[in-house]
file work-v8.cif (mmCIF, C-alpha atoms and all ligand atoms)
data_coords
#
loop_
_atom_site.group_PDB
_atom_site.id
_atom_site.type_symbol
_atom_site.label_atom_id
_atom_site.label_comp_id
_atom_site.auth_asym_id
_atom_site.auth_seq_id
_atom_site.Cartn_x
_atom_site.Cartn_y
_atom_site.Cartn_z
ATOM 1 C CA MET A 703 -24.129 32.110 -14.504
ATOM 2 C CA ASP A 704 -23.854 29.934 -17.580
ATOM 3 C CA ASN A 705 -20.947 31.974 -18.825
ATOM 4 C CA LEU A 706 -19.096 31.572 -15.557
ATOM 5 C CA LYS A 707 -19.424 27.799 -15.760
ATOM 6 C CA ASN A 708 -17.680 27.915 -19.130
ATOM 7 C CA ASN A 709 -14.693 29.746 -17.689
ATOM 8 C CA CYS A 710 -11.413 28.002 -16.933
ATOM 9 C CA PRO A 711 -11.192 27.362 -13.190
ATOM 10 C CA ALA A 712 -7.562 28.483 -13.314
ATOM 11 C CA GLY A 713 -8.733 31.960 -14.241
ATOM 12 C CA HIS A 714 -7.830 31.947 -17.932
ATOM 13 C CA GLY A 715 -11.238 33.175 -18.973
ATOM 14 C CA GLU A 716 -13.681 31.516 -21.342
ATOM 15 C CA MET A 717 -13.059 27.978 -22.580
ATOM 16 C CA SER A 718 -13.895 26.989 -26.159
ATOM 17 C CA ASN A 719 -15.368 23.879 -27.757
ATOM 18 C CA ALA A 720 -12.876 21.269 -28.932
ATOM 19 C CA ILE A 721 -13.136 17.718 -30.278
ATOM 20 C CA VAL A 722 -11.400 15.454 -27.808
ATOM 21 C CA SER A 723 -10.400 11.824 -28.412
ATOM 22 C CA LYS A 724 -10.542 9.622 -25.363
ATOM 23 C CA GLU A 725 -10.133 5.987 -24.473
ATOM 24 C CA ILE A 726 -11.513 4.228 -21.425
ATOM 25 C CA GLU A 727 -11.911 0.685 -20.208
ATOM 26 C CA PHE A 728 -15.568 -0.268 -20.374
ATOM 27 C CA ARG A 729 -16.854 -3.764 -19.547
ATOM 28 C CA GLY A 730 -13.352 -5.114 -20.022
ATOM 29 C CA LYS A 731 -12.795 -3.516 -23.444
ATOM 30 C CA GLN A 732 -10.669 -0.510 -24.333
ATOM 31 C CA VAL A 733 -13.202 1.775 -25.980
ATOM 32 C CA LYS A 734 -12.126 4.802 -27.998
ATOM 33 C CA TYR A 735 -14.523 7.648 -28.554
ATOM 34 C CA GLN A 736 -14.625 11.277 -29.555
ATOM 35 C CA ILE A 737 -16.661 13.991 -27.942
ATOM 36 C CA GLU A 738 -17.002 17.713 -28.007
ATOM 37 C CA SER A 739 -15.750 19.252 -24.767
ATOM 38 C CA LEU A 740 -14.825 22.645 -23.437
ATOM 39 C CA GLN A 741 -11.122 23.244 -23.489
ATOM 40 C CA CYS A 742 -9.101 26.146 -22.120
ATOM 41 C CA PRO A 743 -7.031 27.558 -25.006
ATOM 42 C CA LYS A 744 -4.338 28.617 -22.534
ATOM 43 C CA CYS A 745 -3.777 25.635 -20.215
ATOM 44 C CA GLY A 746 -5.530 22.881 -22.153
ATOM 45 C CA LEU A 747 -7.823 21.892 -19.281
ATOM 46 C CA ILE A 748 -10.858 19.938 -20.479
ATOM 47 C CA ARG A 749 -14.250 20.106 -18.905
ATOM 48 C CA SER A 750 -17.583 18.878 -20.207
ATOM 49 C CA THR A 751 -21.003 20.381 -19.837
ATOM 50 C CA LEU A 752 -23.725 18.062 -18.558
ATOM 51 C CA GLU A 753 -24.976 17.626 -22.087
ATOM 52 C CA GLN A 754 -21.499 16.765 -23.325
ATOM 53 C CA THR A 755 -21.124 14.219 -20.531
ATOM 54 C CA ALA A 756 -24.334 12.559 -21.672
ATOM 55 C CA ASP A 757 -23.020 12.560 -25.250
ATOM 56 C CA ALA A 758 -19.827 10.899 -24.030
ATOM 57 C CA GLN A 759 -21.773 8.134 -22.307
ATOM 58 C CA LEU A 760 -23.710 7.508 -25.498
ATOM 59 C CA ALA A 761 -20.500 7.504 -27.565
ATOM 60 C CA ILE A 762 -18.939 4.937 -25.222
ATOM 61 C CA ALA A 763 -21.979 2.667 -25.417
ATOM 62 C CA GLU A 764 -22.126 2.956 -29.210
ATOM 63 C CA ASN A 765 -18.435 2.224 -29.699
ATOM 64 C CA TYR A 766 -18.530 -0.632 -27.225
ATOM 65 C CA ARG A 767 -21.402 -2.203 -29.153
ATOM 66 C CA LYS A 768 -19.513 -1.808 -32.430
ATOM 67 C CA GLN A 769 -16.485 -3.437 -30.870
ATOM 68 C CA VAL A 770 -18.306 -6.505 -29.559
ATOM 69 C CA GLY A 771 -20.531 -6.880 -32.608
ATOM 70 C CA LEU A 772 -23.864 -5.756 -31.176
ATOM 71 C CA LEU A 773 -26.187 -3.500 -33.131
ATOM 72 C CA THR A 774 -25.617 0.114 -32.124
ATOM 73 C CA GLY A 775 -28.484 2.382 -31.107
ATOM 74 C CA GLU A 776 -28.061 4.242 -34.347
ATOM 75 C CA GLU A 777 -28.266 1.015 -36.352
ATOM 76 C CA ILE A 778 -31.384 -0.177 -34.532
ATOM 77 C CA LYS A 779 -33.111 3.123 -35.279
ATOM 78 C CA TYR A 780 -31.845 3.201 -38.870
ATOM 79 C CA TYR A 781 -32.995 -0.317 -39.750
ATOM 80 C CA ARG A 782 -36.293 0.144 -37.902
ATOM 81 C CA GLU A 783 -37.082 3.278 -39.913
ATOM 82 C CA GLU A 784 -35.965 1.600 -43.139
ATOM 83 C CA LEU A 785 -38.598 -1.063 -42.489
ATOM 84 C CA GLY A 786 -41.150 1.608 -41.631
ATOM 85 C CA LEU A 787 -41.709 0.231 -38.130
ATOM 86 C CA SER A 788 -42.647 2.298 -35.097
ATOM 87 C CA GLN A 789 -40.870 1.560 -31.837
ATOM 88 C CA GLN A 790 -44.044 -0.170 -30.628
ATOM 89 C CA GLN A 791 -44.272 -2.321 -33.770
ATOM 90 C CA LEU A 792 -40.655 -3.394 -33.428
ATOM 91 C CA ALA A 793 -41.233 -4.158 -29.746
ATOM 92 C CA ASP A 794 -44.240 -6.339 -30.625
ATOM 93 C CA ARG A 795 -42.250 -8.309 -33.168
ATOM 94 C CA ALA A 796 -39.225 -8.682 -30.902
ATOM 95 C CA GLN A 797 -41.470 -9.585 -27.956
ATOM 96 C CA CYS A 798 -40.091 -6.896 -25.700
ATOM 97 C CA SER A 799 -41.418 -3.621 -24.315
ATOM 98 C CA LYS A 800 -41.451 -0.400 -26.271
ATOM 99 C CA MET A 801 -39.389 1.059 -23.439
ATOM 100 C CA SER A 802 -36.615 -1.454 -24.214
ATOM 101 C CA ILE A 803 -36.492 -0.284 -27.825
ATOM 102 C CA VAL A 804 -36.389 3.346 -26.701
ATOM 103 C CA ARG A 805 -33.568 2.599 -24.297
ATOM 104 C CA TRP A 806 -31.513 0.547 -26.769
ATOM 105 C CA GLU A 807 -31.818 3.243 -29.415
ATOM 106 C CA ASN A 808 -30.625 5.791 -26.866
ATOM 107 C CA GLY A 809 -27.539 4.012 -25.623
ATOM 108 C CA ILE A 810 -28.538 1.247 -23.221
ATOM 109 C CA ILE A 811 -26.732 -1.935 -24.243
ATOM 110 C CA GLN A 812 -28.919 -4.889 -25.196
ATOM 111 C CA LYS A 813 -28.141 -8.450 -24.150
ATOM 112 C CA PRO A 814 -26.895 -10.818 -26.884
ATOM 113 C CA ALA A 815 -30.223 -12.697 -26.958
ATOM 114 C CA SER A 816 -32.077 -9.442 -27.565
ATOM 115 C CA ASP A 817 -29.544 -8.504 -30.206
ATOM 116 C CA LYS A 818 -30.231 -11.777 -32.004
ATOM 117 C CA ALA A 819 -33.985 -11.132 -31.859
ATOM 118 C CA LEU A 820 -33.495 -7.624 -33.235
ATOM 119 C CA ARG A 821 -31.198 -8.832 -36.015
ATOM 120 C CA ASP A 822 -33.665 -11.487 -37.117
ATOM 121 C CA ILE A 823 -36.218 -8.725 -37.658
ATOM 122 C CA LEU A 824 -34.097 -5.772 -38.705
ATOM 123 C CA CYS A 825 -31.333 -7.282 -40.812
ATOM 124 C CA PRO A 826 -31.914 -10.965 -41.563
ATOM 125 C CA GLU A 827 -29.643 -10.624 -44.604
ATOM 126 C CA ASP A 828 -26.915 -9.346 -42.331
ATOM 127 C CA PRO A 829 -23.602 -9.186 -44.188
ATOM 128 C CA HIS A 830 -22.097 -10.775 -41.074
ATOM 129 C CA ASN A 831 -23.065 -14.139 -42.566
ATOM 130 C CA GLU A 832 -21.036 -13.524 -45.658
ATOM 131 C CA TYR A 833 -17.971 -12.900 -43.474
ATOM 132 C CA SER A 834 -18.432 -15.750 -41.018
ATOM 133 C CA GLY A 835 -19.347 -18.382 -43.580
ATOM 134 C CA ASN A 836 -22.892 -18.704 -42.224
ATOM 135 C CA ARG A 837 -21.972 -20.181 -38.886
ATOM 136 C CA ASP A 838 -20.846 -19.282 -35.382
ATOM 137 C CA LEU A 839 -17.153 -19.146 -34.699
ATOM 138 C CA SER A 840 -15.803 -22.407 -33.296
ATOM 139 C CA LEU A 841 -12.154 -22.341 -32.285
ATOM 140 C CA GLY A 842 -12.416 -26.063 -31.628
ATOM 141 C CA ARG A 843 -13.409 -26.694 -35.220
ATOM 142 C CA ILE A 844 -10.439 -24.677 -36.447
ATOM 143 C CA LYS A 845 -8.298 -27.145 -34.517
ATOM 144 C CA LEU A 846 -10.242 -30.083 -35.992
ATOM 145 C CA VAL A 847 -9.616 -28.752 -39.497
ATOM 146 C CA TYR A 848 -5.911 -28.474 -38.749
ATOM 147 C CA MET A 849 -5.868 -31.990 -37.282
ATOM 148 C CA GLU A 850 -7.696 -33.402 -40.292
ATOM 149 C CA PHE A 851 -5.158 -31.865 -42.673
ATOM 150 C CA GLU A 852 -2.352 -33.360 -40.595
ATOM 151 C CA LYS A 853 -3.778 -36.840 -41.216
ATOM 152 C CA HIS A 854 -3.296 -36.454 -44.959
ATOM 153 C CA VAL A 855 -0.182 -34.329 -45.411
ATOM 154 C CA ASP A 856 3.428 -34.680 -44.315
ATOM 155 C CA TYR A 857 3.726 -31.294 -42.636
ATOM 156 C CA SER A 858 2.437 -29.948 -39.321
ATOM 157 C CA LEU A 859 -0.115 -27.188 -39.032
ATOM 158 C CA LEU A 860 -0.386 -27.183 -35.256
ATOM 159 C CA ILE A 861 2.943 -25.840 -34.141
ATOM 160 C CA PRO A 862 3.408 -24.284 -30.688
ATOM 161 C CA GLY A 863 3.907 -20.535 -30.979
ATOM 162 C CA ASP A 864 2.873 -20.612 -34.637
ATOM 163 C CA ARG A 865 0.881 -17.677 -35.938
ATOM 164 C CA GLY A 866 -0.755 -19.514 -38.799
ATOM 165 C CA LEU A 867 1.388 -18.105 -41.560
ATOM 166 C CA TYR A 868 0.828 -21.295 -43.561
ATOM 167 C CA GLY A 869 -1.879 -23.154 -41.656
ATOM 168 C CA ALA A 870 -4.368 -20.284 -41.853
ATOM 169 C CA LYS A 871 -4.300 -20.582 -45.638
ATOM 170 C CA ASN A 872 -5.214 -24.271 -45.491
ATOM 171 C CA CYS A 873 -8.012 -23.351 -43.138
ATOM 172 C CA TRP A 874 -9.172 -20.514 -45.387
ATOM 173 C CA TYR A 875 -9.408 -22.889 -48.352
ATOM 174 C CA ALA A 876 -11.254 -25.483 -46.282
ATOM 175 C CA ASP A 877 -13.746 -22.887 -45.061
ATOM 176 C CA SER A 878 -14.132 -21.338 -48.502
ATOM 177 C CA VAL A 879 -14.677 -24.592 -50.368
ATOM 178 C CA ALA A 880 -17.172 -25.744 -47.719
ATOM 179 C CA TYR A 881 -19.032 -22.444 -48.060
ATOM 180 C CA ARG A 882 -19.103 -22.813 -51.835
ATOM 181 C CA ASP A 883 -20.013 -26.507 -51.941
ATOM 182 C CA LEU A 884 -21.986 -27.060 -48.725
ATOM 183 C CA GLY A 885 -23.474 -23.619 -48.102
ATOM 184 C CA ARG A 886 -21.469 -22.821 -45.016
ATOM 185 C CA GLY A 887 -17.895 -22.803 -43.801
ATOM 186 C CA MET A 888 -16.445 -25.286 -41.343
ATOM 187 C CA THR A 889 -15.226 -23.012 -38.563
ATOM 188 C CA GLY A 890 -17.190 -19.744 -38.575
ATOM 189 C CA ALA A 891 -13.855 -17.946 -38.734
ATOM 190 C CA THR A 892 -13.663 -14.446 -40.128
ATOM 191 C CA TYR A 893 -10.686 -13.777 -42.367
ATOM 192 C CA ALA A 894 -8.945 -10.503 -43.039
ATOM 193 C CA VAL A 895 -6.530 -9.226 -45.653
ATOM 194 C CA MET A 896 -3.071 -9.324 -44.080
ATOM 195 C CA PRO A 897 0.378 -8.673 -45.580
ATOM 196 C CA HIS A 898 1.052 -12.426 -45.854
ATOM 197 C CA GLY A 899 -2.310 -13.450 -47.254
ATOM 198 C CA PRO A 900 -5.755 -14.331 -45.942
ATOM 199 C CA GLN A 901 -5.515 -14.602 -42.179
ATOM 200 C CA LEU A 902 -7.836 -15.347 -39.281
ATOM 201 C CA ASP A 903 -9.152 -12.096 -37.870
ATOM 202 C CA ASN A 904 -7.487 -11.299 -34.526
ATOM 203 C CA TYR A 905 -5.103 -14.157 -35.217
ATOM 204 C CA ALA A 906 -2.456 -13.061 -32.752
ATOM 205 C CA ASP A 907 -4.858 -13.696 -29.885
ATOM 206 C CA LEU A 908 -6.272 -16.927 -31.262
ATOM 207 C CA PHE A 909 -3.549 -19.379 -32.124
ATOM 208 C CA ASP A 910 -2.407 -20.184 -28.620
ATOM 209 C CA VAL A 911 -6.025 -20.804 -27.643
ATOM 210 C CA ILE A 912 -6.618 -22.970 -30.708
ATOM 211 C CA PHE A 913 -3.465 -24.955 -30.038
ATOM 212 C CA GLU A 914 -4.531 -25.718 -26.466
ATOM 213 C CA TYR A 915 -8.201 -26.292 -27.310
ATOM 214 C CA ASP A 916 -9.837 -29.398 -25.877
ATOM 215 C CA THR A 917 -11.775 -30.746 -28.859
ATOM 216 C CA SER A 918 -13.595 -33.551 -27.040
ATOM 217 C CA ASP A 919 -16.898 -31.629 -26.968
ATOM 218 C CA VAL A 920 -16.557 -29.953 -30.346
ATOM 219 C CA GLU A 921 -19.041 -30.746 -33.123
ATOM 220 C CA PRO A 922 -17.092 -33.235 -35.259
ATOM 221 C CA LEU A 923 -16.391 -32.612 -38.922
ATOM 222 C CA THR A 924 -18.973 -34.157 -41.214
ATOM 223 C CA LYS A 925 -18.066 -36.702 -43.903
ATOM 224 C CA ALA A 926 -18.512 -34.045 -46.567
ATOM 225 C CA GLU A 927 -16.174 -31.712 -44.707
ATOM 226 C CA VAL A 928 -13.550 -34.426 -44.280
ATOM 227 C CA LEU A 929 -13.770 -35.128 -48.021
ATOM 228 C CA ILE A 930 -13.085 -31.490 -48.797
ATOM 229 C CA ILE A 931 -10.002 -31.515 -46.583
ATOM 230 C CA LYS A 932 -8.801 -34.777 -48.147
ATOM 231 C CA SER A 933 -9.089 -33.341 -51.633
ATOM 232 C CA LEU A 934 -7.372 -30.109 -50.563
ATOM 233 C CA SER A 935 -4.575 -32.192 -49.052
ATOM 234 C CA LYS A 936 -3.866 -33.595 -52.508
ATOM 235 C CA ILE A 937 -3.528 -30.072 -53.876
ATOM 236 C CA PHE A 938 -1.547 -28.665 -50.951
ATOM 237 C CA LYS A 939 1.070 -31.392 -50.572
ATOM 238 C CA HIS A 940 3.746 -29.130 -49.126
ATOM 239 C CA GLN A 941 3.702 -26.687 -46.246
ATOM 240 C CA LYS A 942 3.731 -23.583 -48.423
ATOM 241 C CA ASP A 943 1.401 -24.749 -51.197
ATOM 242 C CA ALA A 944 -1.779 -23.180 -49.823
ATOM 243 C CA TYR A 945 0.163 -20.018 -49.033
ATOM 244 C CA VAL A 946 1.438 -19.747 -52.599
ATOM 245 C CA ALA A 947 -1.923 -20.704 -54.094
ATOM 246 C CA SER A 948 -3.833 -18.120 -52.068
ATOM 247 C CA HIS A 949 -1.528 -15.350 -53.264
ATOM 248 C CA ALA A 950 -2.086 -16.396 -56.863
ATOM 249 C CA GLU A 951 -5.895 -16.281 -56.614
ATOM 250 C CA PRO A 952 -7.241 -13.552 -58.923
ATOM 251 C CA GLU A 953 -9.829 -12.591 -56.279
ATOM 252 C CA TRP A 954 -7.056 -12.206 -53.698
ATOM 253 C CA LYS A 955 -5.071 -9.952 -56.024
ATOM 254 C CA LYS A 956 -8.051 -7.624 -56.224
ATOM 255 C CA ILE A 957 -8.181 -7.091 -52.459
ATOM 256 C CA GLN A 958 -4.611 -7.700 -51.306
ATOM 257 C CA ASN A 959 -3.862 -4.007 -50.790
ATOM 258 C CA ASN A 960 -6.870 -3.397 -48.540
ATOM 259 C CA LEU A 961 -5.042 -4.387 -45.382
ATOM 260 C CA GLY A 962 -7.314 -5.232 -42.472
ATOM 261 C CA GLN A 963 -10.416 -5.569 -44.653
ATOM 262 C CA ARG A 964 -12.540 -8.604 -43.922
ATOM 263 C CA ILE A 965 -12.708 -11.152 -46.737
ATOM 264 C CA SER A 966 -16.124 -12.179 -47.985
ATOM 265 C CA TYR A 967 -16.721 -15.919 -48.265
ATOM 266 C CA LYS A 968 -18.224 -15.119 -51.669
ATOM 267 C CA VAL A 969 -14.635 -15.052 -52.904
ATOM 268 C CA SER A 970 -14.968 -18.835 -52.785
ATOM 269 C CA TYR A 971 -17.120 -18.826 -55.925
ATOM 270 C CA LYS A 972 -14.116 -17.690 -57.934
ATOM 271 C CA LEU A 973 -11.296 -19.735 -56.405
ATOM 272 C CA THR A 974 -8.986 -21.234 -58.981
ATOM 273 C CA ALA A 975 -6.773 -23.598 -56.937
ATOM 274 C CA ALA A 976 -9.552 -25.699 -55.459
HETATM 275 ZN ZN ZN A 1001 -6.903 27.460 -18.242
#

call {"tool": "encode", "arguments": {"input": "work-v8.cif", "output": "structure tokens"}}
result
Amino acid sequence: MDNLKNNCPAGHGEMSNAIVSKEIEFRGKQVKYQIESLQCPKCGLIRSTLEQTADAQLAIAENYRKQVGLLTGEEIKYYREELGLSQQQLADRAQCSKMSIVRWENGIIQKPASDKALRDILCPEDPHNEYSGNRDLSLGRIKLVYMEFEKHVDYSLLIPGDRGLYGAKNCWYADSVAYRDLGRGMTGATYAVMPHGPQLDNYADLFDVIFEYDTSDVEPLTKAEVLIIKSLSKIFKHQKDAYVASHAEPEWKKIQNNLGQRISYKVSYKLTAA
């Protein structure tokens, strides 16, 4: 019977295992995943065994979690074992049931609050901090940084339709210097290596939102942060100055070819322009 199930329904005989790449919409995200499926060598028809279907569901959940920045099941298990904790011990520390741990490790997606609790236990030194400047992303604060620069320089940073070619460099310096001097960035933005310099991650989606952002409820910049922007404004007097300076940074030159790579805020310790 088993053999018959593995036959092509179009009568081409036995199907063979193939690695298939797929993409589906899951919780509003396009999630790509790869699974092993049966494929007919003659007509290309794909069919999964029950076990392969279960693997696909796990792969979707894992890739979704990667995409939205939640710990994957594999990561939870890996870090737990690194710390020598049983599932019960982790559950006790995270104040949840052992069954929750079992389910999360096997593909059920945890809520953000649970993810935070797990991270605090499993990976408190999470490298995420090094890439977000030790704070949560605030699009409103990105706008405040831009607005503060505009008070002290003669050029605009908030330009409708702008993609931050120049402004993102001012913001990167402001975040970096704050991280270096105050222990955390101003905006929580993550920066990536792009062809035209350090750039806000996912910038294409962000600038219109930043431009329109209502900043009335945003945590205002502190005096120390304003001072940093004032002093940067004296260095970056012209629109392109931060752009040019960022490209001349020795630390930038080391990473400039790794397109798409996130930029560690630790680069700030070796900045030369500011
Ligand atoms: Zn076939």

call {"tool": "closest_residue", "arguments": {"input": "work-v8.cif", "among": "A:Leu973, A:Lys800, A:Lys939, A:Ala894", "to": "Asn960 (chain A)", "atoms": "only C-alpha atoms"}}
result
A:Ala894

call {"tool": "closest_residue", "arguments": {"input": "work-v8.cif", "among": "A:Val733, A:Leu740, A:Glu727, A:His854", "to": "ligand ZN 1001 (chain A)", "atoms": "only C-alpha atoms and all ligand atoms"}}
result
A:Leu740

call {"tool": "resolve_selection", "arguments": {"input": "work-v8.cif", "expression": "the PyMOL selection byres (((not hetatm)) within 9 of (chain A and resi 1001))", "output": "PyMOL selection string"}}
result
chain A and resi 709-717+741-748

call {"tool": "atom_distance", "arguments": {"input": "work-v8.cif", "atom1": "CA of Ala880 (chain A)", "atom2": "CA of Pro862 (chain A)"}}
result
26.8 Å

call {"tool": "resolve_selection", "arguments": {"input": "work-v8.cif", "expression": "the PyMOL selection byres (((chain A and resi 897) around 10) and not hetatm)", "output": "PyMOL selection string"}}
result
chain A and resi 894-896+898-901+958-962

call {"tool": "closest_atom_pairs", "arguments": {"input": "work-v8.cif", "of": "region 841-901 of chain A", "to": "region 923-929 of chain A", "cutoff": "8 Å", "atoms": "all atoms listed in the file", "output": "JSON lines"}}
result
{"residue": "A:Arg843", "atom": "CA", "partner": "A:Leu923", "partner_atom": "CA", "distance": 7.6}
{"residue": "A:Leu846", "atom": "CA", "partner": "A:Leu923", "partner_atom": "CA", "distance": 7.3}
{"residue": "A:Val847", "atom": "CA", "partner": "A:Leu923", "partner_atom": "CA", "distance": 7.8}
{"residue": "A:Glu850", "atom": "CA", "partner": "A:Val928", "partner_atom": "CA", "distance": 7.2}
{"residue": "A:Ala880", "atom": "CA", "partner": "A:Glu927", "partner_atom": "CA", "distance": 6.8}
{"residue": "A:Met888", "atom": "CA", "partner": "A:Glu927", "partner_atom": "CA", "distance": 7.3}

call {"tool": "resolve_selection", "arguments": {"input": "work-v8.cif", "expression": "the PyMOL selection byres (((chain A and resi 813) around 12) and not hetatm)", "output": "ChimeraX atom specification"}}
result
/A:767,770-774,802,806,810-812,814-820

call {"tool": "residues_around", "arguments": {"input": "work-v8.cif", "residues": "Arg795 (chain A)", "least_positions_apart": "4", "cutoff": "12 Å", "atoms": "all atoms listed in the file", "output": "ChimeraX atom specification"}}
result
/A:782,787-791,799-800,803,816,819-824

call {"tool": "closest_residue", "arguments": {"input": "work-v8.cif", "among": "A:Ala796, A:Val969, A:Ala976, A:Ile762", "to": "Lys936 (chain A)", "atoms": "all atoms listed in the file"}}
result
A:Ala976

call {"tool": "residues_around", "arguments": {"input": "work-v8.cif", "residues": "region 908-914 of chain A", "least_positions_apart": "6", "cutoff": "8 Å", "atoms": "all atoms listed in the file", "output": "list in words"}}
result
Leu841, Gly842, Ile844, Lys845, Leu860, Ile861, Pro862, Gly863, Asp864, Arg865 and Gly866 of chain A

call {"tool": "write_last_selection", "arguments": {"input": "work-v8.cif", "atoms": "C-alpha atoms", "output": "PDB file, keeping the file's coordinate frame"}}
result
ATOM      1  CA  LEU A 841     -12.154 -22.341 -32.285  1.00  0.00           C
ATOM      2  CA  GLY A 842     -12.416 -26.063 -31.628  1.00  0.00           C
ATOM      3  CA  ILE A 844     -10.439 -24.677 -36.447  1.00  0.00           C
ATOM      4  CA  LYS A 845      -8.298 -27.145 -34.517  1.00  0.00           C
ATOM      5  CA  LEU A 860      -0.386 -27.183 -35.256  1.00  0.00           C
ATOM      6  CA  ILE A 861       2.943 -25.840 -34.141  1.00  0.00           C
ATOM      7  CA  PRO A 862       3.408 -24.284 -30.688  1.00  0.00           C
ATOM      8  CA  GLY A 863       3.907 -20.535 -30.979  1.00  0.00           C
ATOM      9  CA  ASP A 864       2.873 -20.612 -34.637  1.00  0.00           C
ATOM     10  CA  ARG A 865       0.881 -17.677 -35.938  1.00  0.00           C
ATOM     11  CA  GLY A 866      -0.755 -19.514 -38.799  1.00  0.00           C
TER      12      GLY A 866
END

call {"tool": "closest_residue", "arguments": {"input": "work-v8.cif", "among": "A:Leu902, A:Ala763, A:Ile957, A:Leu859", "to": "Lys731 (chain A)", "atoms": "only C-alpha atoms"}}
result
A:Ala763

call {"tool": "closest_residue", "arguments": {"input": "work-v8.cif", "among": "A:Asn904, A:Ser858, A:Ser834, A:Gln797", "to": "Ile965 (chain A)", "atoms": "only C-alpha atoms"}}
result
A:Ser834

call {"tool": "atom_distance", "arguments": {"input": "work-v8.cif", "atom1": "CA of Ser840 (chain A)", "atom2": "CA of Thr889 (chain A)"}}
result
5.3 Å

call {"tool": "closest_residue", "arguments": {"input": "work-v8.cif", "among": "A:Ala950, A:His940, A:Val920, A:Asn836", "to": "Lys968 (chain A)", "atoms": "all atoms listed in the file"}}
result
A:Asn836

call {"tool": "atom_distance", "arguments": {"input": "work-v8.cif", "atom1": "CA of Leu785 (chain A)", "atom2": "CA of Pro826 (chain A)"}}
result
12.0 Å

call {"tool": "axis_aligned_box", "arguments": {"input": "work-v8.cif", "around": "region 948-964 of chain A", "padding_each_side": "3 Å", "output": "lines of an AutoDock Vina configuration file"}}
result
center_x = -7.0
center_y = -10.8
center_z = -50.7
size_x = 17.0
size_y = 20.7
size_z = 22.5

call {"tool": "build_atoms", "arguments": {"input": "work-v8.cif", "residues": "region 904-915 of chain A", "atoms": "N, CA and C atoms", "output": "compact mmCIF listing (two decimals), keeping the file's coordinate frame"}}
result
# COMPACT_ATOMS: atom_id res chain seq x y z
N ASN A 904 -7.99 -11.27 -35.91
CA ASN A 904 -7.49 -11.30 -34.53
C ASN A 904 -6.59 -12.51 -34.27
N TYR A 905 -5.85 -12.91 -35.31
CA TYR A 905 -5.10 -14.16 -35.22
C TYR A 905 -4.11 -14.21 -34.06
N ALA A 906 -3.51 -13.04 -33.77
CA ALA A 906 -2.46 -13.06 -32.75
C ALA A 906 -2.99 -13.58 -31.42
N ASP A 907 -4.27 -13.27 -31.16
CA ASP A 907 -4.86 -13.70 -29.88
C ASP A 907 -5.36 -15.14 -29.94
N LEU A 908 -5.52 -15.68 -31.14
CA LEU A 908 -6.27 -16.93 -31.26
C LEU A 908 -5.42 -18.19 -31.27
N PHE A 909 -4.23 -18.11 -31.84
CA PHE A 909 -3.55 -19.38 -32.12
C PHE A 909 -3.17 -20.17 -30.88
N ASP A 910 -2.75 -19.45 -29.84
CA ASP A 910 -2.41 -20.18 -28.62
C ASP A 910 -3.64 -20.90 -28.07
N VAL A 911 -4.78 -20.22 -28.14
CA VAL A 911 -6.02 -20.80 -27.64
C VAL A 911 -6.41 -22.02 -28.49
N ILE A 912 -6.27 -21.87 -29.81
CA ILE A 912 -6.62 -22.97 -30.71
C ILE A 912 -5.72 -24.17 -30.43
N PHE A 913 -4.43 -23.89 -30.26
CA PHE A 913 -3.46 -24.96 -30.04
C PHE A 913 -3.81 -25.77 -28.79
N GLU A 914 -4.24 -25.07 -27.75
CA GLU A 914 -4.53 -25.72 -26.47
C GLU A 914 -5.94 -26.30 -26.40
N TYR A 915 -6.77 -26.03 -27.42
CA TYR A 915 -8.20 -26.29 -27.31
C TYR A 915 -8.52 -27.78 -27.08
